[in-house]
Amino acid sequence: MRFPSSIFVSVSLFTAETTAALYLSSTYRSAGDQIWQGLTLLFTLLTSVLVQLTLTFIHRDLNRDRPLVLFLHLLQLGPIVRCLEAFYIYGSVGVVEEPYVSITKKKQVPRGGQAEEVERHVGQAEGKLFTHRAAFARTSIIQAFLGSAPQLTLQLYICVLQRGMSVGRGTLMVISLLSIVYGALRCNILAIKIKYEDYEVDISPMAYFSVFMWRGLEIATRVVVLVLFSSVLKLWMLPVVSLNFLAFFFYPWVLFWLSHSPLPENIEKTLSRLGTTVVLCLLTFLYAGINMFCWSAVQLKLSDPDLIDKSHNWYRMAVFYTLRFLENALLLSLWYLYKTDFYTYVCAPLLLLQLLVAYAIGIFFMLVFYRFCHPCRRLFSSSMTQGLWDCSMLLCLSCKARSPENRLVESPETGLKSPDASREASDHSGYGTPNDTTYDLLDDSTYDGPNELAPGVGAETYGAIGYTVAIATHQGSQKP
């Protein structure tokens, strides 16, 4: 049985960040900064309440007679109590005789041959410890993106306004950044374990290092860009943040509406239709909070009974990082144009270049992780390199196919008709008139093969691409 180190790290970050935030809020109160004090306490206490509710919901304490545990959750001491309980269970293994043992079957990741199933005996204590690990993995994600990320952004913004950094504020910023990176890392691991739940997954230290560098550079760059932009264009900050957040919040709901599927009914048997809707809104709220700062390794799919999409999609990842890089570049350009006298002693062009290069290095570590360090890379239905290359070629061919010279009704050289002409002819002729995975929150997506249309790319675009390729092939055959 593995030592519950992940639980200890989660509780340590939660306790350290809460303590640092309370101390910093007291210094704000002493200095008379009531606004900064209120916002600092808001991000801390709101996250703490959400963590208590998540632990209570996953452990189903409302249906059990445990009044002392519920009372400790009301005192915001739930994570500490759960951590002590997990360590007690770990220490009692081998000392207390377990009433039963269950057998689980897991496949090993193939290394050139077929996957072999391995049976494991799982005791009652190990099953309880697994539940604790799963609960703290989800609370780490909630704490990271609904509390630590806004907290880090706020404190860095205060540093820019006050042109200085105190010891308390610097300590809280470091702890918040570590909490965000750790939450993103847990999100990646959670995505792998959900998607490949039938396999025995072993994550190497190099994989942890790659994800840590990828997420650290991506999140730190994003926070600095938002703070720099908000320091010179305060009125435009709210529309930018609202547009990002609302777009990612409503995206799963739009897909759910287009699927014409009913609301999932297996989230919790005791929940009414209104309660189910509230839970789904909270999930999409967390999903939007993650994507505000970095790519979510897991994707919501509200039409699925498990609420998660278990298929990879390199196109969606490529589009996200392309748009996010362009957005960061645009925000930095606006900051450079409207920067104030405060940045006189800062080499603005060099800072702009450093931030963009840091974001690009983060993407590089992401590619290294998926190409060389992913524990289940041999199970990918398609190569990540080939998927990204196909995505770039698809975009280039789409732009070329929609150019004016390729939209002619009939090509004078080849006699081939474009897709637009075929559609016009067709129109004139009259044709064409609770399961535990419920709590997995989100998941990653996989590209299922060449027969799957890329998201947002319809059959018309593929027709235009085929028309362009046909012209090039016909012209090549006419050469001597």
# chains A, B, ... in the order shown; residues from 1 in each chain; ligands from 1

$ residues_around --residues "segment 208-216 of chain A" --least-positions-apart "3" --cutoff "12 Å" --atoms "only C-alpha atoms" --output "PyMOL selection string"
chain A and resi 174+176-189+202-205+219-223+290+293-297+358-375

$ write_last_selection --atoms "N, CA and C atoms" --output "CSV table (one decimal), in the first residue's frame"
chain,number,residue,atom,x,y,z
A,174,VAL,N,3.9,32.9,-3.3
A,174,VAL,CA,4.6,31.6,-3.6
A,174,VAL,C,3.8,30.4,-3.3
A,176,SER,N,0.5,30.2,-3.2
A,176,SER,CA,-0.6,30.2,-4.1
A,176,SER,C,-0.2,29.6,-5.4
A,177,LEU,N,1.0,30.0,-5.9
A,177,LEU,CA,1.5,29.5,-7.2
A,177,LEU,C,1.8,28.0,-7.1
A,178,LEU,N,2.4,27.6,-6.0
A,178,LEU,CA,2.6,26.1,-5.8
A,178,LEU,C,1.3,25.4,-5.8
A,179,SER,N,0.3,26.0,-5.1
A,179,SER,CA,-1.0,25.3,-5.0
A,179,SER,C,-1.7,25.2,-6.4
A,180,ILE,N,-1.5,26.2,-7.2
A,180,ILE,CA,-2.1,26.2,-8.6
A,180,ILE,C,-1.4,25.1,-9.4
A,181,VAL,N,-0.1,25.1,-9.4
A,181,VAL,CA,0.6,24.1,-10.2
A,181,VAL,C,0.3,22.7,-9.7
A,182,TYR,N,0.2,22.5,-8.4
A,182,TYR,CA,-0.1,21.2,-7.9
A,182,TYR,C,-1.5,20.8,-8.3
A,183,GLY,N,-2.4,21.7,-8.2
A,183,GLY,CA,-3.8,21.4,-8.7
A,183,GLY,C,-3.9,21.0,-10.1
A,184,ALA,N,-3.1,21.7,-11.0
A,184,ALA,CA,-3.1,21.4,-12.4
A,184,ALA,C,-2.4,20.0,-12.6
A,185,LEU,N,-1.4,19.7,-11.8
A,185,LEU,CA,-0.7,18.4,-12.0
A,185,LEU,C,-1.7,17.3,-11.5
A,186,ARG,N,-2.4,17.5,-10.5
A,186,ARG,CA,-3.4,16.5,-10.0
A,186,ARG,C,-4.5,16.4,-11.1
A,187,CYS,N,-4.9,17.5,-11.8
A,187,CYS,CA,-5.9,17.4,-12.9
A,187,CYS,C,-5.4,16.5,-14.0
A,188,ASN,N,-4.1,16.6,-14.4
A,188,ASN,CA,-3.5,15.8,-15.4
A,188,ASN,C,-3.5,14.3,-15.0
A,189,ILE,N,-3.1,14.1,-13.8
A,189,ILE,CA,-3.1,12.7,-13.3
A,189,ILE,C,-4.5,12.1,-13.2
A,202,ASP,N,1.5,3.8,-14.1
A,202,ASP,CA,2.7,4.2,-13.3
A,202,ASP,C,3.3,5.4,-13.9
A,203,ILE,N,3.3,6.5,-13.1
A,203,ILE,CA,3.8,7.8,-13.6
A,203,ILE,C,5.2,8.0,-13.2
A,204,SER,N,6.1,8.2,-14.1
A,204,SER,CA,7.6,8.3,-13.8
A,204,SER,C,7.9,9.7,-13.3
A,205,PRO,N,9.0,9.9,-12.6
A,205,PRO,CA,9.5,11.2,-12.1
A,205,PRO,C,9.7,12.2,-13.2
A,219,ILE,N,0.9,28.8,-16.3
A,219,ILE,CA,0.1,29.6,-15.3
A,219,ILE,C,0.7,30.9,-14.9
A,220,ALA,N,2.0,30.8,-14.6
A,220,ALA,CA,2.7,32.1,-14.2
A,220,ALA,C,2.7,33.1,-15.3
A,221,THR,N,2.9,32.7,-16.5
A,221,THR,CA,2.8,33.7,-17.6
A,221,THR,C,1.4,34.3,-17.8
A,222,ARG,N,0.4,33.4,-17.6
A,222,ARG,CA,-1.0,33.9,-17.8
A,222,ARG,C,-1.3,34.9,-16.7
A,223,VAL,N,-0.9,34.6,-15.5
A,223,VAL,CA,-1.2,35.6,-14.4
A,223,VAL,C,-0.5,36.9,-14.6
A,290,ILE,N,-10.8,26.7,-14.5
A,290,ILE,CA,-9.5,26.0,-15.0
A,290,ILE,C,-9.0,26.6,-16.3
A,293,PHE,N,-7.0,30.0,-16.8
A,293,PHE,CA,-5.6,30.1,-16.5
A,293,PHE,C,-4.8,29.1,-17.3
A,294,CYS,N,-5.3,27.9,-17.6
A,294,CYS,CA,-4.6,26.9,-18.4
A,294,CYS,C,-5.5,26.0,-19.0
A,295,TRP,N,-4.9,25.1,-19.8
A,295,TRP,CA,-5.7,24.1,-20.5
A,295,TRP,C,-6.2,23.0,-19.6
A,296,SER,N,-7.5,22.7,-19.6
A,296,SER,CA,-8.0,21.7,-18.7
A,296,SER,C,-7.7,20.3,-19.3
A,297,ALA,N,-7.0,19.5,-18.5
A,297,ALA,CA,-6.7,18.2,-19.0
A,297,ALA,C,-7.9,17.3,-19.2
A,358,ALA,N,8.5,32.4,-22.5
A,358,ALA,CA,8.2,31.5,-21.3
A,358,ALA,C,7.0,30.7,-21.6
A,359,TYR,N,5.9,31.3,-22.2
A,359,TYR,CA,4.7,30.5,-22.6
A,359,TYR,C,5.1,29.5,-23.6
A,360,ALA,N,5.9,29.8,-24.6
A,360,ALA,CA,6.3,28.9,-25.6
A,360,ALA,C,7.1,27.7,-25.0
A,361,ILE,N,8.0,28.0,-24.0
A,361,ILE,CA,8.7,26.9,-23.4
A,361,ILE,C,7.8,26.0,-22.6
A,362,GLY,N,6.7,26.6,-22.0
A,362,GLY,CA,5.7,25.7,-21.3
A,362,GLY,C,5.0,24.8,-22.3
A,363,ILE,N,4.7,25.3,-23.5
A,363,ILE,CA,4.1,24.4,-24.5
A,363,ILE,C,5.1,23.3,-25.0
A,364,PHE,N,6.4,23.7,-25.0
A,364,PHE,CA,7.4,22.7,-25.4
A,364,PHE,C,7.4,21.6,-24.4
A,365,PHE,N,7.4,21.9,-23.1
A,365,PHE,CA,7.3,20.8,-22.1
A,365,PHE,C,6.1,20.0,-22.2
A,366,MET,N,5.0,20.6,-22.6
A,366,MET,CA,3.7,19.9,-22.8
A,366,MET,C,3.9,18.8,-23.9
A,367,LEU,N,4.6,19.2,-25.0
A,367,LEU,CA,4.9,18.3,-26.1
A,367,LEU,C,5.8,17.2,-25.7
A,368,VAL,N,6.8,17.5,-24.9
A,368,VAL,CA,7.7,16.5,-24.3
A,368,VAL,C,6.9,15.5,-23.5
A,369,PHE,N,6.0,16.0,-22.7
A,369,PHE,CA,5.3,15.1,-21.8
A,369,PHE,C,4.4,14.1,-22.7
A,370,TYR,N,3.7,14.6,-23.6
A,370,TYR,CA,2.8,13.7,-24.4
A,370,TYR,C,3.6,12.9,-25.4
A,371,ARG,N,4.7,13.3,-25.8
A,371,ARG,CA,5.5,12.5,-26.8
A,371,ARG,C,6.4,11.5,-26.1
A,372,PHE,N,7.0,11.8,-25.0
A,372,PHE,CA,8.0,10.9,-24.4
A,372,PHE,C,7.7,10.4,-23.0
A,373,CYS,N,6.9,11.2,-22.2
A,373,CYS,CA,6.7,10.9,-20.8
A,373,CYS,C,5.3,10.4,-20.4
A,374,HIS,N,4.4,10.5,-21.3
A,374,HIS,CA,3.0,10.0,-20.9
A,374,HIS,C,3.0,8.5,-20.6
A,375,PRO,N,2.5,8.1,-19.5
A,375,PRO,CA,2.5,6.7,-19.1
A,375,PRO,C,1.8,5.8,-20.1

$ select_by_dssp --residues "segment 102-261 of chain A" --states "strand (DSSP E or B)" --output "list in words"
Ser102, Ile103, Thr104, Lys105, Lys106, Lys107, Gln108, Glu117, Val118, Glu119, Arg120, His121, Val122, Gly123, Tyr199 and Glu200 of chain A

$ write_last_selection --atoms "N, CA and C atoms" --output "PDB file, in the first residue's frame"
ATOM      1  N   SER A 102     -11.349  -7.765  -1.563  1.00  0.00           N
ATOM      2  CA  SER A 102     -11.905  -7.814  -2.918  1.00  0.00           C
ATOM      3  C   SER A 102     -10.783  -8.000  -3.935  1.00  0.00           C
ATOM      4  N   ILE A 103     -11.129  -8.460  -5.120  1.00  0.00           N
ATOM      5  CA  ILE A 103     -10.168  -8.731  -6.189  1.00  0.00           C
ATOM      6  C   ILE A 103     -10.461  -7.787  -7.350  1.00  0.00           C
ATOM      7  N   THR A 104      -9.456  -7.081  -7.790  1.00  0.00           N
ATOM      8  CA  THR A 104      -9.589  -6.199  -8.943  1.00  0.00           C
ATOM      9  C   THR A 104      -8.642  -6.664 -10.041  1.00  0.00           C
ATOM     10  N   LYS A 105      -9.042  -6.425 -11.287  1.00  0.00           N
ATOM     11  CA  LYS A 105      -8.230  -6.788 -12.448  1.00  0.00           C
ATOM     12  C   LYS A 105      -7.827  -5.529 -13.196  1.00  0.00           C
ATOM     13  N   LYS A 106      -6.539  -5.386 -13.406  1.00  0.00           N
ATOM     14  CA  LYS A 106      -6.001  -4.254 -14.141  1.00  0.00           C
ATOM     15  C   LYS A 106      -5.102  -4.760 -15.262  1.00  0.00           C
ATOM     16  N   LYS A 107      -5.125  -4.057 -16.379  1.00  0.00           N
ATOM     17  CA  LYS A 107      -4.247  -4.389 -17.494  1.00  0.00           C
ATOM     18  C   LYS A 107      -2.942  -3.618 -17.368  1.00  0.00           C
ATOM     19  N   GLN A 108      -1.864  -4.240 -17.792  1.00  0.00           N
ATOM     20  CA  GLN A 108      -0.592  -3.554 -17.849  1.00  0.00           C
ATOM     21  C   GLN A 108      -0.426  -2.892 -19.212  1.00  0.00           C
ATOM     22  N   GLU A 117      -3.644  -8.955 -18.149  1.00  0.00           N
ATOM     23  CA  GLU A 117      -4.418  -8.613 -16.960  1.00  0.00           C
ATOM     24  C   GLU A 117      -3.729  -9.150 -15.710  1.00  0.00           C
ATOM     25  N   VAL A 118      -3.727  -8.312 -14.681  1.00  0.00           N
ATOM     26  CA  VAL A 118      -3.096  -8.681 -13.418  1.00  0.00           C
ATOM     27  C   VAL A 118      -4.131  -8.532 -12.309  1.00  0.00           C
ATOM     28  N   GLU A 119      -4.263  -9.564 -11.507  1.00  0.00           N
ATOM     29  CA  GLU A 119      -5.210  -9.535 -10.395  1.00  0.00           C
ATOM     30  C   GLU A 119      -4.531  -8.986  -9.146  1.00  0.00           C
ATOM     31  N   ARG A 120      -5.270  -8.131  -8.425  1.00  0.00           N
ATOM     32  CA  ARG A 120      -4.772  -7.564  -7.183  1.00  0.00           C
ATOM     33  C   ARG A 120      -5.829  -7.739  -6.089  1.00  0.00           C
ATOM     34  N   HIS A 121      -5.360  -8.060  -4.901  1.00  0.00           N
ATOM     35  CA  HIS A 121      -6.255  -8.186  -3.754  1.00  0.00           C
ATOM     36  C   HIS A 121      -6.299  -6.843  -3.021  1.00  0.00           C
ATOM     37  N   VAL A 122      -7.470  -6.282  -2.924  1.00  0.00           N
ATOM     38  CA  VAL A 122      -7.657  -4.971  -2.317  1.00  0.00           C
ATOM     39  C   VAL A 122      -8.454  -5.140  -1.035  1.00  0.00           C
ATOM     40  N   GLY A 123      -7.837  -4.745   0.072  1.00  0.00           N
ATOM     41  CA  GLY A 123      -8.496  -4.845   1.356  1.00  0.00           C
ATOM     42  C   GLY A 123      -9.416  -3.661   1.622  1.00  0.00           C
ATOM     43  N   TYR A 199      -6.292   0.158 -16.808  1.00  0.00           N
ATOM     44  CA  TYR A 199      -4.863  -0.133 -16.863  1.00  0.00           C
ATOM     45  C   TYR A 199      -4.182   0.268 -15.551  1.00  0.00           C
ATOM     46  N   GLU A 200      -3.108  -0.412 -15.257  1.00  0.00           N
ATOM     47  CA  GLU A 200      -2.265  -0.080 -14.118  1.00  0.00           C
ATOM     48  C   GLU A 200      -1.310   1.029 -14.560  1.00  0.00           C
TER      49      GLU A 200
END

$ residues_around --residues "Val109 of chain A" --least-positions-apart "5" --cutoff "9 Å" --atoms "only C-alpha atoms" --output "PDB file with C-alpha atoms, in the first residue's frame"
ATOM      1  CA  GLN A 114      -0.694  -7.500 -25.927  1.00  0.00           C
ATOM      2  CA  ALA A 115      -1.818  -6.131 -22.589  1.00  0.00           C
ATOM      3  CA  GLU A 116      -1.892  -8.677 -19.771  1.00  0.00           C
ATOM      4  CA  TYR A 199      -4.863  -0.133 -16.863  1.00  0.00           C
ATOM      5  CA  GLU A 200      -2.265  -0.080 -14.118  1.00  0.00           C
ATOM      6  CA  VAL A 201      -0.801   3.415 -14.543  1.00  0.00           C
ATOM      7  CA  PRO A 375       2.545   6.694 -19.128  1.00  0.00           C
ATOM      8  CA  CYS A 376      -0.061   5.496 -21.664  1.00  0.00           C
ATOM      9  CA  ARG A 378       1.448   3.493 -26.459  1.00  0.00           C
ATOM     10  CA  LEU A 379      -2.350   3.399 -26.178  1.00  0.00           C
TER      11      LEU A 379
END

$ residues_around --residues "Phe248 of chain A" --least-positions-apart "3" --cutoff "9 Å" --atoms "only C-alpha atoms" --output "list in words"
Leu243, Asn244, Phe245, Tyr251, Pro252, Thr284, Phe285, Tyr287, Ala288, Gly289, Asn291 and Met292 of chain A

$ closest_residue --among "A:Tyr336, A:Tyr157, A:Trp36, A:Phe57" --to "Arg138 of chain A" --atoms "only C-alpha atoms"
A:Phe57

$ residues_around --residues "segment 7-15 of chain A" --least-positions-apart "4" --cutoff "7 Å" --atoms "only C-alpha atoms" --output "count of residues only"
8

$ select_by_dssp --residues "segment 232-351 of chain A" --states "alpha helix (DSSP H)" --output "JSON, numbers by chain"
{"A": [232, 234, 235, 236, 237, 238, 239, 240, 241, 242, 243, 244, 245, 246, 247, 248, 249, 250, 251, 252, 253, 254, 255, 256, 257, 258, 259, 273, 274, 275, 276, 277, 278, 279, 280, 281, 282, 283, 284, 285, 286, 287, 288, 289, 290, 291, 292, 293, 314, 315, 316, 317, 318, 319, 320, 321, 322, 323, 324, 325, 326, 327, 328, 329, 330, 331, 332, 333, 334, 335, 336, 337, 338, 348, 349, 350, 351]}

$ closest_residue --among "A:Arg2, A:Arg66, A:His260, A:Lys339" --to "Glu126 of chain A" --atoms "only C-alpha atoms"
A:Arg2

$ closest_residue --among "A:Asn328, A:Gln162, A:Ser30, A:Ser92" --to "Val240 of chain A" --atoms "only C-alpha atoms"
A:Asn328

$ residues_around --residues "Arg163 of chain A" --least-positions-apart "5" --cutoff "12 Å" --atoms "only C-alpha atoms" --output "list in words"
Gln155, Leu156, Tyr157, Ile158, Ser231, Phe342 and Tyr343 of chain A

$ write_last_selection --atoms "N, CA, C and O atoms" --output "PDB file, in the first residue's frame"
ATOM      1  N   GLN A 155      -2.935  39.495  -5.409  1.00  0.00           N
ATOM      2  CA  GLN A 155      -1.752  39.946  -4.681  1.00  0.00           C
ATOM      3  C   GLN A 155      -0.690  40.520  -5.622  1.00  0.00           C
ATOM      4  O   GLN A 155      -0.011  41.497  -5.271  1.00  0.00           O
ATOM      5  N   LEU A 156      -0.541  39.951  -6.799  1.00  0.00           N
ATOM      6  CA  LEU A 156       0.407  40.514  -7.767  1.00  0.00           C
ATOM      7  C   LEU A 156      -0.064  41.880  -8.253  1.00  0.00           C
ATOM      8  O   LEU A 156       0.751  42.797  -8.467  1.00  0.00           O
ATOM      9  N   TYR A 157      -1.367  42.036  -8.411  1.00  0.00           N
ATOM     10  CA  TYR A 157      -1.919  43.339  -8.805  1.00  0.00           C
ATOM     11  C   TYR A 157      -1.671  44.386  -7.715  1.00  0.00           C
ATOM     12  O   TYR A 157      -1.328  45.540  -8.016  1.00  0.00           O
ATOM     13  N   ILE A 158      -1.805  43.992  -6.454  1.00  0.00           N
ATOM     14  CA  ILE A 158      -1.537  44.915  -5.351  1.00  0.00           C
ATOM     15  C   ILE A 158      -0.051  45.304  -5.336  1.00  0.00           C
ATOM     16  O   ILE A 158       0.299  46.465  -5.072  1.00  0.00           O
ATOM     17  N   SER A 231      -3.345  46.616 -15.136  1.00  0.00           N
ATOM     18  CA  SER A 231      -2.718  47.774 -14.504  1.00  0.00           C
ATOM     19  C   SER A 231      -2.780  49.024 -15.373  1.00  0.00           C
ATOM     20  O   SER A 231      -2.666  50.138 -14.845  1.00  0.00           O
ATOM     21  N   PHE A 342       5.101  54.290 -14.568  1.00  0.00           N
ATOM     22  CA  PHE A 342       5.599  53.312 -13.583  1.00  0.00           C
ATOM     23  C   PHE A 342       6.582  52.329 -14.223  1.00  0.00           C
ATOM     24  O   PHE A 342       7.492  51.817 -13.570  1.00  0.00           O
ATOM     25  N   TYR A 343       6.387  52.034 -15.502  1.00  0.00           N
ATOM     26  CA  TYR A 343       7.224  51.059 -16.198  1.00  0.00           C
ATOM     27  C   TYR A 343       8.397  51.720 -16.931  1.00  0.00           C
ATOM     28  O   TYR A 343       8.961  51.126 -17.849  1.00  0.00           O
TER      29      TYR A 343
END

$ atom_distance --atom1 "atom CA of Gly127 of chain A" --atom2 "atom CA of Asp198 of chain A"
16.5 Å
